[in-house]
$ cat work.pdb   # PDB, C-alpha atoms
MODEL        1
ATOM      1  CA  MET A   1       0.000   0.000   0.000
ATOM      2  CA  ASN A   2       1.212   3.506  -0.807
ATOM      3  CA  SER A   3       1.573   5.441   2.469
ATOM      4  CA  ALA A   4       1.769   8.832   0.718
ATOM      5  CA  ALA A   5      -0.949  10.307  -1.464
ATOM      6  CA  PRO A   6      -0.407   9.564  -5.158
ATOM      7  CA  ARG A   7       0.734  12.411  -7.351
ATOM      8  CA  ILE A   8      -1.874  13.500  -9.892
ATOM      9  CA  LEU A   9      -1.192  13.843 -13.621
ATOM     10  CA  GLY A  10      -3.806  15.971 -15.356
ATOM     11  CA  ILE A  11      -4.484  14.885 -18.950
ATOM     12  CA  VAL A  12      -4.577  17.462 -21.742
ATOM     13  CA  ASN A  13      -5.232  15.953 -25.170
ATOM     14  CA  ILE A  14      -4.020  18.327 -27.888
ATOM     15  CA  THR A  15      -5.784  16.197 -30.460
ATOM     16  CA  SER A  16      -8.745  16.098 -32.817
ATOM     17  CA  ASP A  17      -9.867  12.532 -32.042
ATOM     18  CA  SER A  18      -9.502  11.774 -28.350
ATOM     19  CA  PHE A  19     -12.051   9.186 -27.177
ATOM     20  CA  SER A  20     -12.761  11.274 -24.072
ATOM     21  CA  ASP A  21     -13.031  14.869 -25.261
ATOM     22  CA  GLY A  22     -12.867  14.920 -29.067
ATOM     23  CA  GLY A  23     -11.019  18.004 -30.239
ATOM     24  CA  ARG A  24     -11.927  20.335 -27.348
ATOM     25  CA  PHE A  25      -8.293  21.151 -26.582
ATOM     26  CA  LEU A  26      -6.739  21.050 -30.042
ATOM     27  CA  ALA A  27      -6.407  24.848 -30.200
ATOM     28  CA  PRO A  28      -3.381  26.073 -28.204
ATOM     29  CA  ASP A  29      -5.404  28.551 -26.142
ATOM     30  CA  ALA A  30      -7.890  25.840 -25.167
ATOM     31  CA  ALA A  31      -5.112  23.407 -24.236
ATOM     32  CA  ILE A  32      -3.333  26.041 -22.149
ATOM     33  CA  ALA A  33      -6.549  26.987 -20.367
ATOM     34  CA  GLN A  34      -7.293  23.345 -19.560
ATOM     35  CA  ALA A  35      -3.749  22.761 -18.287
ATOM     36  CA  LEU A  36      -3.944  25.791 -15.998
ATOM     37  CA  LYS A  37      -7.379  24.689 -14.759
ATOM     38  CA  LEU A  38      -6.105  21.202 -13.930
ATOM     39  CA  THR A  39      -3.166  22.705 -12.059
ATOM     40  CA  ARG A  40      -5.456  24.947 -10.017
ATOM     41  CA  GLU A  41      -7.639  21.950  -9.221
ATOM     42  CA  GLY A  42      -4.821  19.835  -7.843
ATOM     43  CA  ALA A  43      -2.796  18.296 -10.671
ATOM     44  CA  ASP A  44       0.882  18.017  -9.745
ATOM     45  CA  ILE A  45       1.915  17.326 -13.347
ATOM     46  CA  VAL A  46       0.278  18.193 -16.673
ATOM     47  CA  ASP A  47       0.496  15.355 -19.207
ATOM     48  CA  LEU A  48       0.323  16.723 -22.768
ATOM     49  CA  GLY A  49      -0.764  14.293 -25.475
ATOM     50  CA  PRO A  50      -0.242  15.536 -29.063
ATOM     51  CA  ALA A  51      -1.732  12.357 -30.613
ATOM     52  CA  SER A  52      -4.450   9.934 -29.588
ATOM     53  CA  SER A  53      -3.698   6.267 -28.961
ATOM     54  CA  ASN A  54      -7.240   4.861 -28.890
ATOM     55  CA  PRO A  55      -8.130   2.116 -31.422
ATOM     56  CA  ASP A  56      -9.926   4.509 -33.766
ATOM     57  CA  ALA A  57      -7.321   7.286 -33.778
ATOM     58  CA  ALA A  58      -5.561   8.408 -36.948
ATOM     59  CA  PRO A  59      -1.736   8.508 -37.064
ATOM     60  CA  VAL A  60      -0.080  11.857 -36.398
ATOM     61  CA  SER A  61       3.397  12.728 -37.676
ATOM     62  CA  ALA A  62       6.146  13.872 -35.357
ATOM     63  CA  GLU A  63       6.145  17.239 -37.124
ATOM     64  CA  LYS A  64       2.466  17.732 -36.328
ATOM     65  CA  GLU A  65       2.956  16.564 -32.748
ATOM     66  CA  ILE A  66       5.716  19.120 -32.234
ATOM     67  CA  ALA A  67       3.638  21.876 -33.823
ATOM     68  CA  ARG A  68       0.800  21.077 -31.423
ATOM     69  CA  LEU A  69       3.080  20.984 -28.404
ATOM     70  CA  ALA A  70       5.240  24.062 -29.032
ATOM     71  CA  PRO A  71       2.870  26.924 -28.103
ATOM     72  CA  VAL A  72       1.459  25.019 -25.133
ATOM     73  CA  LEU A  73       4.921  24.216 -23.786
ATOM     74  CA  ASP A  74       5.955  27.838 -24.238
ATOM     75  CA  ARG A  75       3.283  28.937 -21.784
ATOM     76  CA  LEU A  76       3.334  26.088 -19.307
ATOM     77  CA  LEU A  77       7.111  26.006 -18.913
ATOM     78  CA  ALA A  78       7.136  29.787 -18.486
ATOM     79  CA  GLU A  79       4.598  29.312 -15.677
ATOM     80  CA  GLY A  80       6.897  26.796 -13.982
ATOM     81  CA  ILE A  81       4.427  23.932 -14.397
ATOM     82  CA  GLU A  82       5.735  20.375 -14.225
ATOM     83  CA  VAL A  83       5.045  18.972 -17.693
ATOM     84  CA  SER A  84       4.977  15.462 -19.113
ATOM     85  CA  VAL A  85       4.907  14.791 -22.855
ATOM     86  CA  ASP A  86       2.972  11.693 -23.881
ATOM     87  CA  SER A  87       4.450  10.505 -27.184
ATOM     88  CA  TYR A  88       6.186   7.407 -28.487
ATOM     89  CA  ARG A  89       7.773   9.167 -31.465
ATOM     90  CA  PRO A  90      11.530   9.616 -30.900
ATOM     91  CA  GLU A  91      11.598  12.945 -32.762
ATOM     92  CA  THR A  92       8.923  14.324 -30.464
ATOM     93  CA  GLN A  93      10.687  12.940 -27.417
ATOM     94  CA  ALA A  94      13.973  14.538 -28.536
ATOM     95  CA  TYR A  95      12.171  17.873 -28.928
ATOM     96  CA  ALA A  96      10.625  17.521 -25.465
ATOM     97  CA  LEU A  97      14.026  16.768 -23.947
ATOM     98  CA  LYS A  98      15.458  19.927 -25.513
ATOM     99  CA  ARG A  99      12.579  21.918 -24.061
ATOM    100  CA  GLY A 100      13.430  20.612 -20.594
ATOM    101  CA  VAL A 101      10.190  18.829 -19.756
ATOM    102  CA  ALA A 102      10.026  17.012 -16.429
ATOM    103  CA  TRP A 103       8.667  13.730 -17.821
ATOM    104  CA  LEU A 104       8.470  11.604 -20.931
ATOM    105  CA  ASN A 105       5.524   9.204 -21.146
ATOM    106  CA  ASP A 106       5.881   6.430 -23.747
ATOM    107  CA  ILE A 107       3.136   3.884 -24.441
ATOM    108  CA  LYS A 108       5.710   1.755 -26.282
ATOM    109  CA  GLY A 109       8.126   1.715 -23.365
ATOM    110  CA  PHE A 110      11.072   3.594 -24.947
ATOM    111  CA  PRO A 111      12.079   1.004 -27.566
ATOM    112  CA  HIS A 112      14.117   3.380 -29.767
ATOM    113  CA  ALA A 113      17.759   2.640 -28.992
ATOM    114  CA  GLY A 114      18.918   5.657 -30.973
ATOM    115  CA  LEU A 115      17.358   7.988 -28.406
ATOM    116  CA  HIS A 116      18.693   6.173 -25.346
ATOM    117  CA  PRO A 117      21.955   8.182 -25.129
ATOM    118  CA  ALA A 118      20.020  11.474 -25.068
ATOM    119  CA  ILE A 119      17.624  10.107 -22.468
ATOM    120  CA  ALA A 120      20.567   8.911 -20.367
ATOM    121  CA  GLU A 121      22.094  12.402 -20.426
ATOM    122  CA  ALA A 122      18.822  14.040 -19.362
ATOM    123  CA  ASP A 123      17.351  14.010 -15.871
ATOM    124  CA  CYS A 124      13.620  13.833 -16.611
ATOM    125  CA  GLY A 125      11.399  11.126 -15.217
ATOM    126  CA  LEU A 126      10.304   8.297 -17.519
ATOM    127  CA  ILE A 127       6.868   6.700 -17.547
ATOM    128  CA  LEU A 128       7.449   3.245 -18.964
ATOM    129  CA  MET A 129       4.158   1.799 -20.155
ATOM    130  CA  HIS A 130       3.274  -1.782 -21.006
ATOM    131  CA  SER A 131       0.677  -2.714 -23.595
ATOM    132  CA  VAL A 132      -0.184  -6.000 -25.218
ATOM    133  CA  GLN A 133       0.223  -4.237 -28.580
ATOM    134  CA  GLU A 134       3.500  -2.530 -27.555
ATOM    135  CA  GLY A 135       2.028   0.657 -28.994
ATOM    136  CA  GLN A 136      -1.229   1.947 -30.445
ATOM    137  CA  ALA A 137      -4.287   0.354 -28.841
ATOM    138  CA  ASP A 138      -6.536  -1.993 -30.783
ATOM    139  CA  ARG A 139      -9.276  -4.423 -29.832
ATOM    140  CA  ARG A 140      -7.284  -7.649 -29.652
ATOM    141  CA  ALA A 141      -7.762 -10.134 -26.832
ATOM    142  CA  ALA A 142      -5.317 -10.344 -23.966
ATOM    143  CA  PRO A 143      -2.513 -12.881 -24.495
ATOM    144  CA  ASP A 144      -2.928 -16.389 -23.164
ATOM    145  CA  GLY A 145      -1.710 -17.083 -19.673
ATOM    146  CA  ASP A 146      -1.380 -14.862 -16.616
ATOM    147  CA  ILE A 147      -1.548 -11.190 -17.610
ATOM    148  CA  MET A 148       0.647 -10.121 -14.683
ATOM    149  CA  GLY A 149       3.331 -12.525 -15.868
ATOM    150  CA  HIS A 150       3.131 -10.979 -19.336
ATOM    151  CA  ILE A 151       3.457  -7.478 -17.872
ATOM    152  CA  CYS A 152       6.407  -8.424 -15.681
ATOM    153  CA  ARG A 153       8.313 -10.083 -18.534
ATOM    154  CA  PHE A 154       7.856  -6.905 -20.608
ATOM    155  CA  PHE A 155       9.171  -4.697 -17.818
ATOM    156  CA  GLU A 156      12.098  -6.999 -17.066
ATOM    157  CA  ALA A 157      13.248  -6.805 -20.682
ATOM    158  CA  ARG A 158      12.731  -3.057 -21.019
ATOM    159  CA  LEU A 159      14.412  -2.228 -17.715
ATOM    160  CA  ALA A 160      17.435  -4.345 -18.606
ATOM    161  CA  THR A 161      17.775  -2.550 -21.946
ATOM    162  CA  LEU A 162      17.405   0.923 -20.467
ATOM    163  CA  GLU A 163      19.798   0.264 -17.597
ATOM    164  CA  ALA A 164      22.365  -1.149 -20.033
ATOM    165  CA  ALA A 165      22.097   2.151 -21.933
ATOM    166  CA  GLY A 166      23.032   4.076 -18.784
ATOM    167  CA  ILE A 167      19.514   5.194 -17.855
ATOM    168  CA  ALA A 168      19.122   5.188 -14.083
ATOM    169  CA  ARG A 169      16.459   2.844 -12.790
ATOM    170  CA  SER A 170      15.513   5.454 -10.174
ATOM    171  CA  ARG A 171      14.078   7.695 -12.931
ATOM    172  CA  ILE A 172      11.500   5.140 -14.048
ATOM    173  CA  VAL A 173       7.815   4.828 -13.192
ATOM    174  CA  LEU A 174       5.954   1.711 -14.358
ATOM    175  CA  ASP A 175       2.537   1.870 -16.023
ATOM    176  CA  PRO A 176       0.970  -1.580 -16.614
ATOM    177  CA  GLY A 177      -1.545  -0.149 -19.093
ATOM    178  CA  MET A 178      -5.323  -0.268 -18.737
ATOM    179  CA  GLY A 179      -8.364  -0.743 -20.951
ATOM    180  CA  PHE A 180      -7.625  -1.797 -24.521
ATOM    181  CA  PHE A 181      -3.897  -1.682 -23.745
ATOM    182  CA  LEU A 182      -4.474  -4.869 -21.725
ATOM    183  CA  GLY A 183      -6.954  -6.458 -24.104
ATOM    184  CA  ALA A 184     -10.605  -6.071 -24.976
ATOM    185  CA  ALA A 185     -12.102  -7.914 -21.992
ATOM    186  CA  PRO A 186     -12.842  -5.644 -18.986
ATOM    187  CA  GLU A 187     -11.912  -8.424 -16.561
ATOM    188  CA  THR A 188      -8.232  -8.150 -17.515
ATOM    189  CA  SER A 189      -7.995  -4.533 -16.423
ATOM    190  CA  PHE A 190      -9.863  -5.223 -13.188
ATOM    191  CA  SER A 191      -7.467  -8.080 -12.471
ATOM    192  CA  VAL A 192      -4.393  -5.882 -12.871
ATOM    193  CA  LEU A 193      -5.979  -3.118 -10.800
ATOM    194  CA  ALA A 194      -6.533  -5.630  -7.989
ATOM    195  CA  ARG A 195      -2.941  -6.934  -8.192
ATOM    196  CA  LEU A 196      -0.859  -3.759  -8.174
ATOM    197  CA  GLY A 197       0.917  -4.917  -5.037
ATOM    198  CA  GLU A 198       2.467  -7.780  -7.003
ATOM    199  CA  LEU A 199       3.878  -5.350  -9.543
ATOM    200  CA  LYS A 200       5.346  -3.059  -6.887
ATOM    201  CA  GLY A 201       6.777  -5.988  -4.979
ATOM    202  CA  ARG A 202       8.417  -7.451  -8.069
ATOM    203  CA  PHE A 203      10.258  -4.307  -9.197
ATOM    204  CA  GLY A 204      10.379  -1.939  -6.228
ATOM    205  CA  LEU A 205       9.541   0.977  -8.509
ATOM    206  CA  PRO A 206       6.747   3.558  -8.430
ATOM    207  CA  VAL A 207       3.612   2.649 -10.367
ATOM    208  CA  LEU A 208       1.328   4.903 -12.395
ATOM    209  CA  ILE A 209      -2.286   4.029 -13.132
ATOM    210  CA  SER A 210      -4.413   5.600 -15.871
ATOM    211  CA  VAL A 211      -8.024   4.423 -15.729
ATOM    212  CA  SER A 212      -9.801   7.704 -16.457
ATOM    213  CA  ARG A 213     -12.968   7.184 -18.560
ATOM    214  CA  LYS A 214     -11.527   3.993 -20.045
ATOM    215  CA  SER A 215     -13.477   1.340 -21.907
ATOM    216  CA  PHE A 216     -13.437  -1.322 -19.188
ATOM    217  CA  LEU A 217     -15.194   1.043 -16.768
ATOM    218  CA  ARG A 218     -17.753   2.064 -19.361
ATOM    219  CA  ALA A 219     -18.387  -1.580 -20.255
ATOM    220  CA  VAL A 220     -19.492  -2.522 -16.725
ATOM    221  CA  THR A 221     -21.447   0.668 -16.008
ATOM    222  CA  GLY A 222     -23.054   1.257 -19.396
ATOM    223  CA  ARG A 223     -21.934   4.892 -19.281
ATOM    224  CA  GLY A 224     -20.427   6.961 -22.071
ATOM    225  CA  ALA A 225     -17.055   8.660 -21.728
ATOM    226  CA  GLY A 226     -18.663  11.903 -20.583
ATOM    227  CA  GLU A 227     -20.636  10.085 -17.881
ATOM    228  CA  ALA A 228     -17.834   7.943 -16.488
ATOM    229  CA  GLY A 229     -16.730  10.283 -13.699
ATOM    230  CA  ALA A 230     -18.072   8.209 -10.803
ATOM    231  CA  ALA A 231     -16.679   4.940 -12.157
ATOM    232  CA  THR A 232     -13.351   6.632 -12.841
ATOM    233  CA  LEU A 233     -13.093   8.004  -9.315
ATOM    234  CA  ALA A 234     -13.951   4.624  -7.797
ATOM    235  CA  ALA A 235     -11.243   2.896  -9.833
ATOM    236  CA  GLU A 236      -8.722   5.640  -9.019
ATOM    237  CA  LEU A 237      -9.341   5.252  -5.284
ATOM    238  CA  ILE A 238      -8.901   1.490  -5.608
ATOM    239  CA  ALA A 239      -5.597   2.154  -7.386
ATOM    240  CA  ALA A 240      -4.500   4.455  -4.566
ATOM    241  CA  VAL A 241      -5.439   1.941  -1.871
ATOM    242  CA  ASN A 242      -3.580  -0.775  -3.795
ATOM    243  CA  GLY A 243      -0.393   1.267  -3.944
ATOM    244  CA  ALA A 244      -0.420   3.507  -7.025
ATOM    245  CA  ASP A 245       2.136   6.306  -6.693
ATOM    246  CA  TYR A 246       0.849   8.347  -9.647
ATOM    247  CA  ILE A 247      -2.665   8.594 -11.071
ATOM    248  CA  ARG A 248      -3.279  10.039 -14.524
ATOM    249  CA  THR A 249      -6.742  11.568 -14.852
ATOM    250  CA  HIS A 250      -8.972  13.913 -16.842
ATOM    251  CA  GLU A 251     -10.470  15.479 -13.702
ATOM    252  CA  ALA A 252      -8.077  16.516 -10.960
ATOM    253  CA  ALA A 253     -10.511  18.130  -8.514
ATOM    254  CA  PRO A 254     -12.641  15.060  -7.632
ATOM    255  CA  LEU A 255      -9.551  12.912  -7.249
ATOM    256  CA  ARG A 256      -7.804  15.494  -5.069
ATOM    257  CA  ASP A 257     -10.852  15.679  -2.792
ATOM    258  CA  ALA A 258     -11.245  11.903  -2.603
ATOM    259  CA  LEU A 259      -7.567  11.472  -1.743
ATOM    260  CA  ALA A 260      -7.916  14.089   1.009
ATOM    261  CA  VAL A 261     -10.799  12.115   2.552
ATOM    262  CA  TRP A 262      -8.826   8.876   2.302
ATOM    263  CA  ALA A 263      -5.776  10.509   3.935
ATOM    264  CA  ASN A 264      -7.861  11.630   6.901
ATOM    265  CA  VAL A 265      -9.346   8.157   7.373
ATOM    266  CA  LYS A 266      -5.850   6.643   7.250
ATOM    267  CA  ASP A 267      -4.568   9.121   9.838
ATOM    268  CA  ILE A 268      -7.360   8.277  12.270
ATOM    269  CA  ALA A 269      -6.919   4.544  11.757
ATOM    270  CA  ARG A 270      -3.166   4.854  12.286
ATOM    271  CA  ASN A 271      -3.531   6.812  15.528
ATOM    272  CA  ARG A 272      -6.176   4.641  17.219
TER     273      ARG A 272
ENDMDL
END

$ encode --input "work.pdb" --output "structure tokens"
Amino acid sequence: MNSAAPRILGIVNITSDSFSDGGRFLAPDAAIAQALKLTREGADIVDLGPASSNPDAAPVSAEKEIARLAPVLDRLLAEGIEVSVDSYRPETQAYALKRGVAWLNDIKGFPHAGLHPAIAEADCGLILMHSVQEGQADRRAAPDGDIMGHICRFFEARLATLEAAGIARSRIVLDPGMGFFLGAAPETSFSVLARLGELKGRFGLPVLISVSRKSFLRAVTGRGAGEAGAATLAAELIAAVNGADYIRTHEAAPLRDALAVWANVKDIARNR
């Protein structure tokens, strides 16, 4: 169990085809306003996504990703906001490193060996994500066998490669993936959510969970993405109780408030 409150990553999709908010934040001014709002409402980190990774999303070039990011980064970095860039494209990651972002978030788990020397020289945090696709989500089934074993084998291989490239293990946060990244069946995501302690025990590294508005929650509640707030918050609290160190979410304020309530209950229980 995580004794400290998880840090909150507020999601800002600078995209035209996000499953959760369409193109609401594609315009730089809209993305900046949303990032500032999330920060005011309790986000510790703003996670900027210049391309969608849902199964129906269209590919976006690195040039377009950078064009989407540039004006938003200009403002947020000037404001001193801790920024994460969510991209698996090495050109975009190299640009983000030059801009001095605090985090890189890679759904492919940093497979591009050519960028490893630059990452090793930087000091940003690295969110190393697992997916059964090792990239863009689709609707395939989960692999046969124990899903936690599959996740752990992926992380073992990736961590060995990154450490061999001189990238400090202490910079890495593990994200097991959720929703379609774990397979089409909702039960797979619920299983991993229930077993976070195994993942933390195996690697001794911080864990990030991103369940916000995802398909597996909508499947069991019958809600659309815009109506999935209650299910999202329930799953995020379960993640916190089960040891998540970082939670990536579309709505920072409800999560901040829920974590404050949980912290007070823990304090009373500890002092009885």

$ closest_atom_pairs --input "work.pdb" --of "region 46-151 of chain A" --to "region 10-19 of chain A" --cutoff "10 Å" --atoms "all atoms listed in the file" --output "CSV"
residue,atom,partner,partner_atom,distance
A:Val46,CA,A:Gly10,CA,4.8
A:Asp47,CA,A:Ile11,CA,5.0
A:Leu48,CA,A:Val12,CA,5.1
A:Gly49,CA,A:Asn13,CA,4.8
A:Pro50,CA,A:Ile14,CA,4.8
A:Ala51,CA,A:Thr15,CA,5.6
A:Ser52,CA,A:Ser18,CA,5.5
A:Ser53,CA,A:Ser18,CA,8.0
A:Asn54,CA,A:Phe19,CA,6.7
A:Pro55,CA,A:Phe19,CA,9.1
A:Asp56,CA,A:Asp17,CA,8.2
A:Ala57,CA,A:Asp17,CA,6.1
A:Ala58,CA,A:Asp17,CA,7.7
A:Val60,CA,A:Thr15,CA,9.3
A:Glu65,CA,A:Ile14,CA,8.7
A:Arg68,CA,A:Ile14,CA,6.6
A:Leu69,CA,A:Ile14,CA,7.6
A:Val72,CA,A:Ile14,CA,9.1
A:Val83,CA,A:Gly10,CA,9.6
A:Ser84,CA,A:Ile11,CA,9.5
A:Val85,CA,A:Val12,CA,9.9
A:Asp86,CA,A:Asn13,CA,9.3

$ resolve_selection --input "work.pdb" --expression "the PyMOL selection byres ((chain A and resi 90) around 9)" --output "list in words"
Ala62, Ser87, Tyr88, Arg89, Glu91, Thr92, Gln93, Ala94, Tyr95, Phe110, His112, Gly114 and Leu115 of chain A

$ closest_residue --input "work.pdb" --among "A:Thr221, A:Ala160, A:Ala168, A:Val132" --to "Thr188 (chain A)" --atoms "only C-alpha atoms"
A:Val132

$ residues_around --input "work.pdb" --residues "Ile45 (chain A)" --least-positions-apart "2" --cutoff "6 Å" --atoms "only C-alpha atoms" --output "list of chain:residue names"
A:Leu9, A:Ala43, A:Glu82, A:Val83

$ resolve_selection --input "work.pdb" --expression "the PyMOL selection byres ((chain A and resi 263) around 12)" --output "number ranges by chain"
A: 2-6, 237, 240-241, 256-262, 264-270

$ resolve_selection --input "work.pdb" --expression "the PyMOL selection byres ((chain A and resi 125-130) around 10)" --output "JSON list (two decimals) with C-alpha atoms, in the coordinates of the input"
[["chain", "number", "residue", "atom", "x", "y", "z"],
["A", 84, "SER", "CA", 4.98, 15.46, -19.11],
["A", 85, "VAL", "CA", 4.91, 14.79, -22.86],
["A", 86, "ASP", "CA", 2.97, 11.69, -23.88],
["A", 101, "VAL", "CA", 10.19, 18.83, -19.76],
["A", 102, "ALA", "CA", 10.03, 17.01, -16.43],
["A", 103, "TRP", "CA", 8.67, 13.73, -17.82],
["A", 104, "LEU", "CA", 8.47, 11.60, -20.93],
["A", 105, "ASN", "CA", 5.52, 9.20, -21.15],
["A", 106, "ASP", "CA", 5.88, 6.43, -23.75],
["A", 107, "ILE", "CA", 3.14, 3.88, -24.44],
["A", 108, "LYS", "CA", 5.71, 1.76, -26.28],
["A", 109, "GLY", "CA", 8.13, 1.72, -23.36],
["A", 110, "PHE", "CA", 11.07, 3.59, -24.95],
["A", 119, "ILE", "CA", 17.62, 10.11, -22.47],
["A", 122, "ALA", "CA", 18.82, 14.04, -19.36],
["A", 123, "ASP", "CA", 17.35, 14.01, -15.87],
["A", 124, "CYS", "CA", 13.62, 13.83, -16.61],
["A", 131, "SER", "CA", 0.68, -2.71, -23.60],
["A", 132, "VAL", "CA", -0.18, -6.00, -25.22],
["A", 133, "GLN", "CA", 0.22, -4.24, -28.58],
["A", 134, "GLU", "CA", 3.50, -2.53, -27.56],
["A", 135, "GLY", "CA", 2.03, 0.66, -28.99],
["A", 150, "HIS", "CA", 3.13, -10.98, -19.34],
["A", 151, "ILE", "CA", 3.46, -7.48, -17.87],
["A", 152, "CYS", "CA", 6.41, -8.42, -15.68],
["A", 154, "PHE", "CA", 7.86, -6.90, -20.61],
["A", 155, "PHE", "CA", 9.17, -4.70, -17.82],
["A", 158, "ARG", "CA", 12.73, -3.06, -21.02],
["A", 159, "LEU", "CA", 14.41, -2.23, -17.72],
["A", 167, "ILE", "CA", 19.51, 5.19, -17.86],
["A", 168, "ALA", "CA", 19.12, 5.19, -14.08],
["A", 169, "ARG", "CA", 16.46, 2.84, -12.79],
["A", 170, "SER", "CA", 15.51, 5.45, -10.17],
["A", 171, "ARG", "CA", 14.08, 7.70, -12.93],
["A", 172, "ILE", "CA", 11.50, 5.14, -14.05],
["A", 173, "VAL", "CA", 7.82, 4.83, -13.19],
["A", 174, "LEU", "CA", 5.95, 1.71, -14.36],
["A", 175, "ASP", "CA", 2.54, 1.87, -16.02],
["A", 176, "PRO", "CA", 0.97, -1.58, -16.61],
["A", 177, "GLY", "CA", -1.54, -0.15, -19.09],
["A", 178, "MET", "CA", -5.32, -0.27, -18.74],
["A", 181, "PHE", "CA", -3.90, -1.68, -23.74],
["A", 182, "LEU", "CA", -4.47, -4.87, -21.72],
["A", 206, "PRO", "CA", 6.75, 3.56, -8.43],
["A", 207, "VAL", "CA", 3.61, 2.65, -10.37],
["A", 208, "LEU", "CA", 1.33, 4.90, -12.40],
["A", 209, "ILE", "CA", -2.29, 4.03, -13.13]]

$ closest_residue --input "work.pdb" --among "A:Arg202, A:Lys37, A:Arg139, A:Arg195" --to "Arg153 (chain A)" --atoms "only C-alpha atoms"
A:Arg202

$ atom_distance --input "work.pdb" --atom1 "CA of Ala228 (chain A)" --atom2 "CA of Leu193 (chain A)"
17.2 Å

$ atom_distance --input "work.pdb" --atom1 "CA of Leu162 (chain A)" --atom2 "CA of Pro59 (chain A)"
26.4 Å

$ atom_distance --input "work.pdb" --atom1 "CA of Pro186 (chain A)" --atom2 "CA of Glu227 (chain A)"
17.6 Å

$ axis_aligned_box --input "work.pdb" --around "region 102-107 of chain A" --padding-each-side "6 Å" --output "AutoDock Vina command-line options"
--center_x 6.6 --center_y 10.4 --center_z -20.4 --size_x 18.9 --size_y 25.1 --size_z 20.0

$ closest_residue --input "work.pdb" --among "A:Lys214, A:Ile247, A:Ile8, A:Gly149" --to "Glu41 (chain A)" --atoms "all atoms listed in the file"
A:Ile8

$ closest_residue --input "work.pdb" --among "A:Leu199, A:Ala185, A:Asp138, A:Ile32" --to "Glu79 (chain A)" --atoms "all atoms listed in the file"
A:Ile32

$ closest_residue --input "work.pdb" --among "A:Gly166, A:Thr161, A:Met148, A:Arg223" --to "Ala118 (chain A)" --atoms "all atoms listed in the file"
A:Gly166

$ residues_near_point --input "work.pdb" --point "(2.1, -6.6, 1.8)" --cutoff "10 Å" --atoms "all atoms listed in the file" --output "PyMOL selection string"
chain A and resi 1+197-198+200-201+242

$ closest_residue --input "work.pdb" --among "A:Gly100, A:Gly179, A:Gly42, A:Pro28" --to "Phe216 (chain A)" --atoms "all atoms listed in the file"
A:Gly179

$ build_atoms --input "work.pdb" --residues "region 189-199 of chain A" --atoms "N, CA, C and O atoms" --output "compact mmCIF listing (two decimals), in the frame of the given file"
# COMPACT_ATOMS: atom_id res chain seq x y z
N SER A 189 -8.38 -5.78 -17.09
CA SER A 189 -8.00 -4.53 -16.42
C SER A 189 -8.33 -4.58 -14.94
O SER A 189 -7.54 -4.12 -14.10
N PHE A 190 -9.50 -5.12 -14.60
CA PHE A 190 -9.86 -5.22 -13.19
C PHE A 190 -8.89 -6.12 -12.44
O PHE A 190 -8.53 -5.86 -11.28
N SER A 191 -8.43 -7.18 -13.09
CA SER A 191 -7.47 -8.08 -12.47
C SER A 191 -6.16 -7.36 -12.15
O SER A 191 -5.62 -7.49 -11.05
N VAL A 192 -5.65 -6.60 -13.10
CA VAL A 192 -4.39 -5.88 -12.87
C VAL A 192 -4.58 -4.82 -11.80
O VAL A 192 -3.70 -4.63 -10.93
N LEU A 193 -5.70 -4.13 -11.81
CA LEU A 193 -5.98 -3.12 -10.80
C LEU A 193 -5.97 -3.73 -9.40
O LEU A 193 -5.48 -3.12 -8.43
N ALA A 194 -6.49 -4.95 -9.28
CA ALA A 194 -6.53 -5.63 -7.99
C ALA A 194 -5.16 -6.14 -7.55
O ALA A 194 -4.96 -6.41 -6.36
N ARG A 195 -4.21 -6.27 -8.49
CA ARG A 195 -2.94 -6.93 -8.19
C ARG A 195 -1.74 -5.99 -8.27
O ARG A 195 -0.61 -6.44 -8.47
N LEU A 196 -1.97 -4.71 -8.07
CA LEU A 196 -0.86 -3.76 -8.17
C LEU A 196 0.25 -4.06 -7.18
O LEU A 196 1.43 -3.80 -7.46
N GLY A 197 -0.10 -4.60 -6.03
CA GLY A 197 0.92 -4.92 -5.04
C GLY A 197 1.95 -5.90 -5.56
O GLY A 197 3.13 -5.82 -5.21
N GLU A 198 1.52 -6.82 -6.41
CA GLU A 198 2.47 -7.78 -7.00
C GLU A 198 3.48 -7.06 -7.88
O GLU A 198 4.68 -7.39 -7.88
N LEU A 199 2.99 -6.09 -8.65
CA LEU A 199 3.88 -5.35 -9.54
C LEU A 199 4.89 -4.53 -8.75
O LEU A 199 6.10 -4.53 -9.06
